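Student: Quick one, work_1.cif (mmCIF, C-alpha atoms):
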data_work
loop_
_atom_site.label_atom_id
_atom_site.label_comp_id
_atom_site.auth_asym_id
_atom_site.auth_seq_id
_atom_site.Cartn_x
_atom_site.Cartn_y
_atom_site.Cartn_z
CA MET A 1 -14.69 -13.74 -135.24
CA LYS A 2 -17.43 -14.29 -132.66
CA ARG A 3 -14.96 -16.21 -130.53
CA PHE A 4 -12.49 -13.28 -130.59
CA ARG A 5 -15.19 -10.75 -129.72
CA LEU A 6 -16.27 -12.90 -126.80
CA PHE A 7 -12.63 -13.05 -125.67
CA LEU A 8 -12.38 -9.22 -125.75
CA LEU A 9 -15.62 -8.88 -123.78
CA ILE A 10 -14.49 -11.30 -121.07
CA SER A 11 -11.06 -9.63 -120.88
CA SER A 12 -12.62 -6.18 -120.47
CA LEU A 13 -14.94 -7.40 -117.73
CA LEU A 14 -12.08 -9.07 -115.84
CA LEU A 15 -9.88 -5.97 -116.15
CA SER A 16 -12.69 -3.68 -114.95
CA LEU A 17 -13.35 -6.01 -112.01
CA GLY A 18 -9.69 -6.02 -111.04
CA LEU A 19 -9.34 -2.23 -111.25
CA THR A 20 -12.52 -1.79 -109.22
CA LEU A 21 -11.29 -4.13 -106.48
CA LEU A 22 -7.98 -2.23 -106.37
CA LYS A 23 -9.86 1.10 -106.34
CA VAL A 24 -8.09 2.36 -109.45
CA PRO A 25 -10.23 5.06 -111.16
CA LEU A 26 -11.06 4.38 -114.79
CA ALA A 27 -11.30 8.12 -115.53
CA SER A 28 -10.57 11.35 -113.72
CA SER A 29 -11.28 15.02 -114.22
CA GLN A 30 -10.27 18.25 -112.50
CA GLY A 31 -12.91 19.60 -110.19
CA THR A 32 -13.69 23.23 -109.44
CA THR A 33 -12.77 23.02 -105.76
CA LEU A 34 -9.44 24.31 -104.47
CA ILE A 35 -8.37 22.21 -101.49
CA ALA A 36 -6.36 23.97 -98.77
CA SER A 37 -4.32 20.97 -97.66
CA TYR A 38 -3.52 20.56 -93.98
CA THR A 39 0.02 20.53 -92.65
CA ASN A 40 1.15 20.41 -89.04
CA GLU A 41 4.26 22.45 -89.86
CA ALA A 42 4.91 26.15 -90.32
CA LEU A 43 3.62 27.43 -93.64
CA PRO A 44 6.12 28.42 -96.38
CA LEU A 45 5.09 32.07 -96.40
CA GLN A 46 8.07 33.23 -98.48
CA ASP A 47 9.14 30.09 -100.31
CA PRO A 48 7.25 29.07 -103.45
CA ASP A 49 9.77 26.23 -103.92
CA ALA A 50 9.08 24.65 -100.51
CA ALA A 51 8.43 20.91 -100.49
CA ALA A 52 5.13 21.48 -98.67
CA TRP A 53 3.55 22.78 -101.88
CA ASN A 54 4.14 19.36 -103.47
CA ASN A 55 1.57 17.92 -101.05
CA THR A 56 -1.13 20.14 -102.55
CA THR A 57 -3.11 19.81 -105.78
CA ALA A 58 -2.84 22.69 -108.24
CA LEU A 59 -6.05 24.02 -109.73
CA GLU A 60 -5.82 25.73 -113.12
CA ILE A 61 -8.24 28.67 -113.19
CA PRO A 62 -9.25 30.21 -116.56
CA LEU A 63 -9.30 34.01 -116.75
CA SER A 64 -10.93 36.38 -119.20
CA ALA A 65 -11.04 40.13 -119.72
CA GLN A 66 -13.36 42.18 -117.52
CA MET A 67 -16.06 43.25 -119.98
CA VAL A 68 -18.77 44.67 -117.72
CA THR A 69 -17.80 48.27 -117.04
CA ALA A 70 -15.57 50.84 -118.73
CA PRO A 71 -12.71 51.35 -119.17
CA ILE A 72 -12.11 47.96 -120.79
CA ILE A 73 -9.12 46.22 -122.38
CA ARG A 74 -10.64 43.53 -124.57
CA GLU A 75 -7.42 41.58 -125.08
CA THR A 76 -5.87 41.02 -121.68
CA LYS A 77 -2.71 38.91 -121.58
CA ILE A 78 -3.17 36.55 -118.64
CA LYS A 79 -5.43 33.69 -119.70
CA SER A 80 -5.11 31.36 -116.72
CA ILE A 81 -3.59 31.07 -113.27
CA SER A 82 -2.46 28.04 -111.27
CA VAL A 83 -3.47 28.01 -107.60
CA ARG A 84 -2.45 25.92 -104.57
CA ALA A 85 -3.41 26.35 -100.90
CA LEU A 86 -2.13 25.22 -97.50
CA HIS A 87 -3.22 25.74 -93.91
CA ASN A 88 -2.01 24.60 -90.50
CA GLY A 89 -5.11 25.31 -88.44
CA LYS A 90 -3.93 28.83 -87.64
CA GLN A 91 -2.90 30.41 -90.94
CA VAL A 92 -3.69 29.98 -94.61
CA ALA A 93 -1.27 30.39 -97.52
CA ILE A 94 -2.31 30.59 -101.18
CA LEU A 95 0.25 30.22 -103.97
CA LEU A 96 -0.59 31.68 -107.39
CA GLU A 97 1.50 31.11 -110.52
CA TRP A 98 1.09 32.58 -113.98
CA THR A 99 3.11 33.26 -117.10
CA ASP A 100 4.23 36.82 -117.84
CA ASN A 101 6.82 37.64 -120.48
CA THR A 102 7.96 40.84 -118.74
CA GLU A 103 8.54 41.85 -115.14
CA ASN A 104 6.85 45.17 -114.38
CA ALA A 105 7.56 46.30 -110.84
CA GLN A 106 7.60 50.08 -111.15
CA SER A 107 4.83 52.68 -111.28
CA ILE A 108 6.76 55.94 -110.87
CA ARG A 109 6.10 57.30 -114.35
CA ILE A 110 2.51 57.91 -115.37
CA GLN A 111 2.94 55.60 -118.37
CA ASP A 112 4.14 52.63 -116.27
CA PHE A 113 1.87 50.07 -114.63
CA PRO A 114 2.93 47.19 -112.34
CA ASP A 115 2.06 43.54 -112.58
CA ALA A 116 -0.45 42.50 -109.94
CA VAL A 117 -2.75 39.72 -108.77
CA ALA A 118 -5.68 39.55 -106.36
CA VAL A 119 -7.88 37.05 -104.57
CA GLN A 120 -11.44 37.83 -103.52
CA PHE A 121 -13.81 36.36 -100.92
CA PRO A 122 -17.46 37.13 -100.15
CA ILE A 123 -18.08 38.54 -96.68
CA GLY A 124 -20.94 36.47 -95.37
CA SER A 125 -22.97 33.78 -97.10
CA GLY A 126 -23.86 33.52 -100.77
CA GLN A 127 -22.03 34.52 -103.92
CA PRO A 128 -22.32 38.18 -104.93
CA PHE A 129 -21.30 39.42 -108.36
CA PHE A 130 -17.76 38.13 -108.99
CA CYS A 131 -16.55 41.56 -110.17
CA MET A 132 -16.17 43.56 -106.94
CA GLY A 133 -19.31 42.27 -105.22
CA MET A 134 -22.48 44.35 -105.12
CA GLN A 135 -24.43 46.66 -102.86
CA GLY A 136 -25.38 44.86 -99.68
CA ALA A 137 -22.98 41.99 -100.43
CA ASN A 138 -19.41 43.12 -99.84
CA VAL A 139 -16.27 41.26 -100.79
CA ASN A 140 -12.85 41.17 -99.14
CA ILE A 141 -10.00 41.59 -101.66
CA TRP A 142 -6.30 40.84 -101.17
CA HIS A 143 -4.35 42.76 -103.82
CA TRP A 144 -0.64 41.98 -104.33
CA LYS A 145 1.34 44.55 -106.30
CA ALA A 146 4.77 44.04 -107.84
CA ASP A 147 5.82 47.65 -107.21
CA TRP A 148 4.91 47.38 -103.52
CA GLN A 149 7.00 44.21 -103.37
CA ALA A 150 9.93 46.12 -104.89
CA ASP A 151 9.43 49.01 -102.44
CA LEU A 152 9.93 46.63 -99.51
CA LEU A 153 13.32 45.64 -100.90
CA ALA A 154 14.35 49.24 -101.69
CA TRP A 155 12.03 52.23 -101.80
CA GLN A 156 11.57 53.37 -105.41
CA ASP A 157 11.47 57.05 -106.23
CA MET A 158 12.05 59.38 -109.17
CA GLN A 159 15.75 58.51 -109.34
CA ASP A 160 14.87 54.94 -110.28
CA ALA A 161 12.92 56.12 -113.32
CA TYR A 162 15.26 58.99 -114.14
CA PRO A 163 18.76 58.02 -112.91
CA ASN A 164 20.39 61.20 -114.30
CA MET A 165 18.24 63.60 -112.28
CA ARG A 166 19.90 65.73 -109.60
CA VAL A 167 18.56 66.91 -106.24
CA ASP A 168 20.50 69.39 -104.05
CA VAL A 169 18.83 68.56 -100.77
CA TYR A 170 15.71 66.94 -99.33
CA PRO A 171 14.50 69.18 -96.46
CA PHE A 172 13.42 67.49 -93.25
CA ALA A 173 14.76 64.09 -94.27
CA GLN A 174 17.88 62.01 -93.76
CA GLY A 175 19.96 60.83 -96.72
CA ASP A 176 19.99 61.69 -100.40
CA ARG A 177 17.31 59.13 -101.35
CA PRO A 178 14.84 59.16 -98.45
CA ASN A 179 11.73 57.04 -98.20
CA PRO A 180 8.64 58.21 -96.25
CA ALA A 181 9.92 56.67 -93.03
CA ASP A 182 13.01 58.89 -93.15
CA TYR A 183 11.05 62.13 -92.77
CA GLN A 184 10.91 63.57 -89.26
CA ASP A 185 7.85 65.66 -90.10
CA VAL A 186 5.23 64.36 -92.55
CA THR A 187 3.69 67.83 -92.94
CA TYR A 188 5.60 68.17 -96.20
CA LEU A 189 4.50 64.74 -97.41
CA SER A 190 0.87 65.44 -98.20
CA GLY A 191 0.11 61.87 -99.27
CA VAL A 192 1.48 60.42 -96.03
CA ALA A 193 -0.24 63.09 -93.93
CA ALA A 194 -3.54 62.19 -95.63
CA GLU A 195 -2.81 58.48 -95.02
CA ASN A 196 -2.99 57.72 -98.71
CA PRO A 197 -2.09 54.01 -98.96
CA LEU A 198 -0.10 54.71 -102.14
CA SER A 199 2.16 57.08 -100.19
CA LEU A 200 2.50 55.33 -96.83
CA PRO A 201 5.56 53.19 -96.00
CA ARG A 202 5.02 49.62 -97.11
CA LEU A 203 4.13 47.10 -94.40
CA SER A 204 3.25 44.39 -96.92
CA PRO A 205 3.12 44.04 -100.71
CA VAL A 206 -0.59 43.19 -100.29
CA GLU A 207 -3.33 45.77 -99.88
CA ASP A 208 -6.34 44.55 -97.87
CA LEU A 209 -9.51 46.02 -99.39
CA VAL A 210 -13.30 45.86 -99.22
CA ALA A 211 -15.79 46.52 -102.03
CA GLY A 212 -19.52 46.42 -102.60
CA GLY A 213 -19.77 47.02 -106.32
CA PHE A 214 -18.01 49.06 -109.01
CA GLY A 215 -16.60 52.35 -107.72
CA SER A 216 -16.73 51.29 -104.07
CA LEU A 217 -13.25 49.78 -103.67
CA THR A 218 -11.85 50.98 -100.33
CA SER A 219 -8.53 50.29 -98.67
CA GLN A 220 -8.85 49.18 -95.07
CA PRO A 221 -7.13 51.33 -92.41
CA GLN A 222 -3.42 50.86 -91.87
CA THR A 223 -4.09 49.11 -88.56
CA SER A 224 -6.28 46.58 -90.36
CA GLN A 225 -3.78 45.66 -93.07
CA ASN A 226 -3.20 42.09 -91.88
CA VAL A 227 -2.50 40.19 -95.12
CA GLN A 228 1.08 39.33 -95.97
CA GLY A 229 2.50 38.43 -99.35
CA TYR A 230 5.66 37.47 -101.18
CA GLY A 231 6.30 37.37 -104.92
CA VAL A 232 9.11 35.99 -107.06
CA TYR A 233 9.64 36.53 -110.79
CA GLU A 234 11.75 33.87 -112.52
CA ASN A 235 11.95 32.44 -116.03
CA GLY A 236 8.98 34.37 -117.35
CA LYS A 237 6.67 33.42 -114.52
CA TRP A 238 5.32 35.13 -111.41
CA ARG A 239 4.79 33.11 -108.23
CA VAL A 240 3.01 34.95 -105.43
CA ILE A 241 2.09 33.74 -101.94
CA PHE A 242 -0.76 35.31 -99.95
CA SER A 243 -0.97 34.54 -96.23
CA ARG A 244 -3.14 35.52 -93.28
CA ASP A 245 -4.49 34.15 -90.01
CA LEU A 246 -7.63 32.08 -90.48
CA THR A 247 -9.60 34.44 -88.26
CA SER A 248 -9.70 38.23 -88.03
CA SER A 249 -11.51 40.67 -85.77
CA ASP A 250 -11.96 43.20 -88.58
CA PRO A 251 -15.60 43.32 -89.75
CA ASP A 252 -14.53 43.74 -93.39
CA ASP A 253 -12.37 40.60 -93.36
CA VAL A 254 -13.37 37.09 -94.34
CA ASN A 255 -13.03 34.47 -91.59
CA PHE A 256 -12.26 30.79 -92.22
CA VAL A 257 -13.28 27.67 -90.31
CA VAL A 258 -11.40 24.43 -90.96
CA GLY A 259 -13.64 21.91 -92.70
CA ASP A 260 -15.93 24.52 -94.28
CA VAL A 261 -16.20 25.53 -97.94
CA TYR A 262 -15.87 29.12 -99.18
CA SER A 263 -16.04 30.97 -102.49
CA ILE A 264 -12.92 32.49 -104.00
CA ALA A 265 -12.24 34.40 -107.22
CA PHE A 266 -9.09 35.72 -108.87
CA ALA A 267 -7.89 38.69 -110.91
CA ALA A 268 -4.57 39.46 -112.58
CA TRP A 269 -2.95 42.44 -114.31
CA ASP A 270 -0.16 42.55 -116.90
CA GLY A 271 1.46 45.94 -116.53
CA ALA A 272 3.23 45.75 -119.89
CA ASN A 273 -0.20 45.60 -121.56
CA GLY A 274 -1.36 48.76 -119.77
CA GLU A 275 -3.67 46.79 -117.49
CA ARG A 276 -4.72 48.56 -114.28
CA ASN A 277 -7.79 49.07 -112.12
CA GLY A 278 -10.80 47.49 -113.87
CA GLN A 279 -8.73 46.66 -116.97
CA LYS A 280 -7.80 43.16 -115.90
CA SER A 281 -8.34 39.42 -116.30
CA THR A 282 -10.86 37.86 -113.90
CA SER A 283 -12.23 34.46 -112.98
CA GLN A 284 -15.63 33.23 -111.93
CA TRP A 285 -16.21 31.98 -108.38
CA VAL A 286 -14.68 28.62 -107.47
CA SER A 287 -14.87 26.73 -104.19
CA LEU A 288 -12.18 26.76 -101.49
CA GLN A 289 -12.33 23.92 -98.99
CA PHE A 290 -10.18 23.67 -95.86
CA GLU A 291 -9.02 20.13 -95.26
CA SER A 292 -9.53 18.94 -91.70
CA ALA A 293 -6.56 17.79 -89.66
CA PRO A 294 -6.28 13.98 -89.65
CA PRO A 295 -7.08 12.31 -86.30
CA THR A 296 -4.04 11.44 -84.25
CA PRO A 297 -3.77 7.61 -83.93
CA LEU A 298 -3.45 6.37 -80.38
CA LEU A 299 -1.04 3.46 -80.91
CA GLN A 300 1.03 1.64 -78.35
CA PRO A 301 4.70 0.93 -79.25
CA ALA A 302 3.92 -2.69 -80.17
CA GLU A 303 0.96 -1.62 -82.28
CA GLU A 304 3.10 1.00 -84.02
CA GLU A 305 5.57 -1.73 -85.01
CA ASN A 306 2.79 -3.91 -86.37
CA TYR A 307 1.32 -0.94 -88.22
CA LEU A 308 4.64 -0.26 -89.94
CA ILE A 309 4.98 -3.93 -90.86
CA ARG A 310 1.51 -3.92 -92.40
CA GLY A 311 2.14 -0.70 -94.33
CA LEU A 312 2.50 -1.03 -98.07
CA THR A 313 5.08 1.05 -99.88
CA ALA A 314 4.40 2.57 -103.25
CA GLN A 315 6.65 -0.04 -104.87
CA THR A 316 4.73 -2.88 -103.24
CA ILE A 317 1.41 -1.49 -104.44
CA PHE A 318 2.78 -1.14 -107.97
CA LEU A 319 3.97 -4.75 -107.97
CA MET A 320 0.55 -5.82 -106.69
CA TYR A 321 -1.11 -4.05 -109.61
CA LEU A 322 1.18 -5.85 -112.07
CA SER A 323 0.54 -9.22 -110.42
CA VAL A 324 -3.21 -8.82 -110.58
CA LEU A 325 -3.00 -7.68 -114.21
CA PHE A 326 -0.86 -10.71 -115.08
CA VAL A 327 -3.33 -13.07 -113.41
CA LEU A 328 -6.22 -11.47 -115.27
CA ILE A 329 -4.41 -11.89 -118.59
CA VAL A 330 -3.69 -15.57 -117.85
CA ILE A 331 -7.35 -16.19 -116.95
CA ALA A 332 -8.48 -14.49 -120.14
CA VAL A 333 -6.11 -16.58 -122.27
CA ILE A 334 -7.28 -19.82 -120.62
CA ILE A 335 -10.92 -18.90 -121.20
CA TYR A 336 -10.14 -18.01 -124.81
CA PHE A 337 -8.64 -21.43 -125.60
CA ARG A 338 -11.51 -23.19 -123.81
CA LEU A 339 -14.12 -21.43 -125.90
CA PRO A 340 -15.70 -23.61 -128.57
CA LYS A 341 -14.16 -23.14 -131.93
CA GLU A 342 -16.18 -21.69 -134.76
CA GLY A 343 -17.48 -24.45 -137.04
#
Can you give me the file's structure in the form of structure tokens?
Tutor:
Amino acid sequence: MKRFRLFLLISSLLLSLGLTLLKVPLASSQGTTLIASYTNEALPLQDPDAAAWNNTTALEIPLSAQMVTAPIIRETKIKSISVRALHNGKQVAILLEWTDNTENAQSIRIQDFPDAVAVQFPIGSGQPFFCMGMQGANVNIWHWKADWQADLLAWQDMQDAYPNMRVDVYPFAQGDRPNPADYQDVTYLSGVAAENPLSLPRLSPVEDLVAGGFGSLTSQPQTSQNVQGYGVYENGKWRVIFSRDLTSSDPDDVNFVVGDVYSIAFAAWDGANGERNGQKSTSQWVSLQFESAPPTPLLQPAEEENYLIRGLTAQTIFLMYLSVLFVLIVIAVIIYFRLPKEG
């Protein structure tokens, strides 16, 4: 029995040594840092299926109901959200995915609420309160809304909620189903005339906002709405892409520098559950790090050929692992049979 235990100990030490030399981790765990991977290509701003996303690492973020200020929904539906990020030195794109059993993309009736998701960044250094920031420590919020996404495809109005309704004529507008852009005079569109962001023609499904605590959420002016978005609902899952230039001249916008680390938080709403405004699922702060662009190798043609010859494919590395493991097993067996037998 002692001989067998000694054999197991030697085998474990040899295996650990081999894995260490090959730089194979013995254990791994998911960190709390979202890496915005670098690509030298155009970002997939409207394609959640693009191959570029496969070069990123997804971070699963837990969410819980906002329980700090009323009104509160204690049992929110969205429990977690998967996040990926890309940048190309000029723009950043963030892909969010979460499960939702129903698609809610209409808010015409007062009893209907759309699905939505948001990302939040501190403006300046430090981490303010993760729910809407706090006085003296504002946050920049990008809020994607499913109904705004639908409006960009085809403006939704009362006829979409009540298809049997009849209208004789819309004064001062072209067509029988006009959207705000079809009106020659906005005097009779009080929401548009007041520049209410809920009434204005959609430029993006994302609303760019700033907040400094509960009750302070403010939409940035129309000229400062510089965040784009694109959402797709398929097979019981939402996939939404946020995108913006890394830098902005607006004082209420977050600015990013490649190589630096920032704080980011998330919120999500399930419209079918009556979630809206502060009735939502939220996350704590996590880190967002922008991966630096790799240095460009200065290789001559001959050196490039040698570099390719020296390169190891994934198959070669796998075979090398197996070879080393086989050698370690052989060494362990030899040592085992050379050990003195128990008397």
Student: What's the 10 Å shell around Ile61 of chain A, counting all atoms listed in the file, without same-chain residues fewer than 6 positions away, as a PDB file with C-alpha atoms, keeping the file's coordinate frame?
Tutor:
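Just written: out19.pdb:
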ATOM      1  CA  THR A  32     -13.690  23.230-109.440  1.00  0.00           C
ATOM      2  CA  LEU A  34      -9.440  24.310-104.470  1.00  0.00           C
ATOM      3  CA  LYS A  79      -5.430  33.690-119.700  1.00  0.00           C
ATOM      4  CA  SER A  80      -5.110  31.360-116.720  1.00  0.00           C
ATOM      5  CA  ILE A  81      -3.590  31.070-113.270  1.00  0.00           C
ATOM      6  CA  SER A  82      -2.460  28.040-111.270  1.00  0.00           C
ATOM      7  CA  VAL A  83      -3.470  28.010-107.600  1.00  0.00           C
ATOM      8  CA  ALA A 265     -12.240  34.400-107.220  1.00  0.00           C
ATOM      9  CA  PHE A 266      -9.090  35.720-108.870  1.00  0.00           C
ATOM     10  CA  THR A 282     -10.860  37.860-113.900  1.00  0.00           C
ATOM     11  CA  SER A 283     -12.230  34.460-112.980  1.00  0.00           C
ATOM     12  CA  GLN A 284     -15.630  33.230-111.930  1.00  0.00           C
ATOM     13  CA  TRP A 285     -16.210  31.980-108.380  1.00  0.00           C
ATOM     14  CA  VAL A 286     -14.680  28.620-107.470  1.00  0.00           C
TER      15      VAL A 286
END
Student: Counting all atoms listed in the file, which residue out of A:Ser107, A:Pro178, A:Ile35, A:Asn40 sits closest to Thr56 of chain A?
Tutor: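 Using all atoms listed in the file, Thr56 of chain A sits closest to A:Ile35.
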Student: Select, counting all atoms listed in the file, all protein, DNA and RNA residues no farther than 9 Å from (-12.4, 48.0, -107.2) in file coordinates, and express the selection as a VMD selection string.
Tutor: chain A and resid 131 to 132 141 209 to 218 277 to 278
Student: For the file shown, report as an MDAnalysis selection string the outcome of the PyMOL selection byres ((chain A and resi 256) around 12) at residue level.
Tutor: chainID A and resid 36 87 89:92 121:124 244:249 253:255 257:264 288:291
Student: Calculated over all atoms listed in the file, which of the candidates A:Gly126, A:Pro114, A:Gly274, A:Gly231 has the smallest distance to Ser287 of chain A?
Tutor: A:Gly126
Student: Mind checking which residues fall within 7 Å of segment 70-73 of chain A, counting all atoms listed in the file, ignoring those fewer than 4 positions away in the same chain, and posting them as an mmCIF file with C-alpha atoms, in the coordinates of the input?
Tutor:
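This went into result.cif:
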data_model
loop_
_atom_site.group_PDB
_atom_site.id
_atom_site.type_symbol
_atom_site.label_atom_id
_atom_site.label_comp_id
_atom_site.auth_asym_id
_atom_site.auth_seq_id
_atom_site.Cartn_x
_atom_site.Cartn_y
_atom_site.Cartn_z
ATOM 1 C CA ALA A 65 -11.040 40.130 -119.720
ATOM 2 C CA GLN A 66 -13.360 42.180 -117.520
ATOM 3 C CA GLY A 278 -10.800 47.490 -113.870
ATOM 4 C CA GLN A 279 -8.730 46.660 -116.970
#
Student: Please enumerate the residues selected by the PyMOL selection byres ((chain A and resi 152) around 9) when evaluated against the supplied file, formatted as a list in words.
Tutor: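 Output of the PyMOL selection byres ((chain A and resi 152) around 9): Asp147, Trp148, Gln149, Ala150, Asp151, Leu153, Ala154, Trp155, Pro201, Arg202, Leu203, Ser204 and Pro205 of chain A.
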Student: Quick one: apply the PyMOL selection byres ((chain A and resi 161) around 10) to the file and drop the selected residues here as a list of chain:residue names.
Tutor: A:Gln106, A:Ser107, A:Ile108, A:Arg109, A:Asp112, A:Gln156, A:Asp157, A:Met158, A:Gln159, A:Asp160, A:Tyr162, A:Pro163, A:Asn164, A:Met165
Student: Can you tell me, as JSON, the centre and edge lengths (Å, one decimal) of the axis-aligned box enclosing all of segment 87-95 of chain A's listed atoms after padding each side by 6 Å?
Tutor:
{"center_x": -2.4, "center_y": 27.6, "center_z": -95.8, "size_x": 17.4, "size_y": 18.0, "size_z": 28.3}
Student: Hey, which of A:Asp176, A:Ser323, A:Tyr230, A:Arg74 ends up closest to Ile94 of chain A? Count all atoms listed in the file.
Tutor: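 When distances to Ile94 of chain A are compared using all atoms listed in the file, the smallest one comes from A:Tyr230.
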Student: Can you tell me how far atom CA of Trp238 of chain A sits from atom CA of Leu96 of chain A, in Å to one decimal?
Tutor: 7.9 Å
Student: Fewer than 5 positions away in the same chain doesn't count, so skip those; otherwise give me all residues within 12 Å of Glu97 of chain A, counting only C-alpha atoms, as a PyMOL selection string.
Tutor: chain A and resi 48-49+58-61+78-85+116-118+231-242+266+268
Student: Here is a test: counting only C-alpha atoms, which residue of A:Glu207, A:Glu75, A:Glu103, A:Asp185 is nearest to Val119 of chain A?
Tutor: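 Closest candidate: A:Glu207.
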Student: From the list A:Ser125, A:Ser190, A:Leu95, A:Gln174, which residue is nearest Ala50 of chain A when using all atoms listed in the file?
Tutor: A:Leu95
Student: What does the distance between atom CA of Ala93 of chain A and atom CA of Gln46 of chain A come to in Å, to one decimal place?
Tutor: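 Value for the atom CA of Ala93 of chain A-atom CA of Gln46 of chain A distance: 9.8 Å.
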Student: Go through A:Met67, A:Asn138, A:Gln228, A:Phe113 one by one, measure the shortest atom-to-atom distance of each to Leu45 of chain A using all atoms listed in the file, and give the residue with the smallest value.
Tutor: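 Using all atoms listed in the file, Leu45 of chain A sits closest to A:Gln228.
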Student: One number please: atom CA of Phe130 of chain A to atom CA of Val68 of chain A, in Å, one decimal.
Tutor: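 Computed distance, atom CA of Phe130 of chain A to atom CA of Val68 of chain A, equals 11.0 Å.
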Student: Restore all heavy atoms in segment 222-228 of chain A and list the result as a JSON list (two decimals), keeping the file's coordinate frame.
Tutor:
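After the write, selection-v8.json holds the following:
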[["chain", "number", "residue", "atom", "x", "y", "z"],
["A", 222, "GLN", "N", -4.76, 51.42, -92.03],
["A", 222, "GLN", "CA", -3.42, 50.86, -91.87],
["A", 222, "GLN", "C", -3.36, 49.83, -90.76],
["A", 222, "GLN", "O", -2.65, 48.82, -90.88],
["A", 222, "GLN", "CB", -2.42, 52.01, -91.60],
["A", 222, "GLN", "CG", -0.95, 51.61, -91.67],
["A", 222, "GLN", "CD", -0.42, 51.60, -93.09],
["A", 222, "GLN", "OE1", -1.19, 51.54, -94.04],
["A", 222, "GLN", "NE2", 0.89, 51.67, -93.24],
["A", 223, "THR", "N", -4.11, 50.06, -89.68],
["A", 223, "THR", "CA", -4.09, 49.11, -88.56],
["A", 223, "THR", "C", -4.81, 47.81, -88.89],
["A", 223, "THR", "O", -4.68, 46.84, -88.13],
["A", 223, "THR", "CB", -4.75, 49.76, -87.33],
["A", 223, "THR", "OG1", -6.07, 50.22, -87.69],
["A", 223, "THR", "CG2", -3.93, 50.94, -86.84],
["A", 224, "SER", "N", -5.55, 47.78, -89.98],
["A", 224, "SER", "CA", -6.28, 46.58, -90.36],
["A", 224, "SER", "C", -5.65, 45.85, -91.54],
["A", 224, "SER", "O", -6.22, 44.89, -92.05],
["A", 224, "SER", "CB", -7.74, 46.94, -90.72],
["A", 224, "SER", "OG", -8.41, 47.49, -89.62],
["A", 225, "GLN", "N", -4.48, 46.32, -91.96],
["A", 225, "GLN", "CA", -3.78, 45.66, -93.07],
["A", 225, "GLN", "C", -3.05, 44.43, -92.53],
["A", 225, "GLN", "O", -1.89, 44.49, -92.12],
["A", 225, "GLN", "CB", -2.81, 46.63, -93.73],
["A", 225, "GLN", "CG", -3.46, 47.82, -94.41],
["A", 225, "GLN", "CD", -4.25, 47.41, -95.64],
["A", 225, "GLN", "OE1", -3.88, 46.49, -96.39],
["A", 225, "GLN", "NE2", -5.37, 48.08, -95.88],
["A", 226, "ASN", "N", -3.73, 43.30, -92.53],
["A", 226, "ASN", "CA", -3.20, 42.09, -91.88],
["A", 226, "ASN", "C", -2.91, 40.95, -92.83],
["A", 226, "ASN", "O", -2.76, 39.80, -92.41],
["A", 226, "ASN", "CB", -4.18, 41.61, -90.80],
["A", 226, "ASN", "CG", -5.59, 41.42, -91.34],
["A", 226, "ASN", "OD1", -5.82, 41.51, -92.54],
["A", 226, "ASN", "ND2", -6.53, 41.18, -90.45],
["A", 227, "VAL", "N", -2.83, 41.23, -94.14],
["A", 227, "VAL", "CA", -2.50, 40.19, -95.12],
["A", 227, "VAL", "C", -1.05, 40.38, -95.55],
["A", 227, "VAL", "O", -0.64, 41.48, -95.90],
["A", 227, "VAL", "CB", -3.43, 40.27, -96.34],
["A", 227, "VAL", "CG1", -3.11, 39.13, -97.31],
["A", 227, "VAL", "CG2", -4.90, 40.21, -95.91],
["A", 228, "GLN", "N", -0.30, 39.30, -95.54],
["A", 228, "GLN", "CA", 1.08, 39.33, -95.97],
["A", 228, "GLN", "C", 1.20, 38.70, -97.36],
["A", 228, "GLN", "O", 0.31, 37.97, -97.82],
["A", 228, "GLN", "CB", 1.98, 38.59, -94.98],
["A", 228, "GLN", "CG", 2.05, 39.23, -93.61],
["A", 228, "GLN", "CD", 2.57, 40.66, -93.66],
["A", 228, "GLN", "OE1", 3.60, 40.93, -94.28],
["A", 228, "GLN", "NE2", 1.87, 41.57, -93.00]]
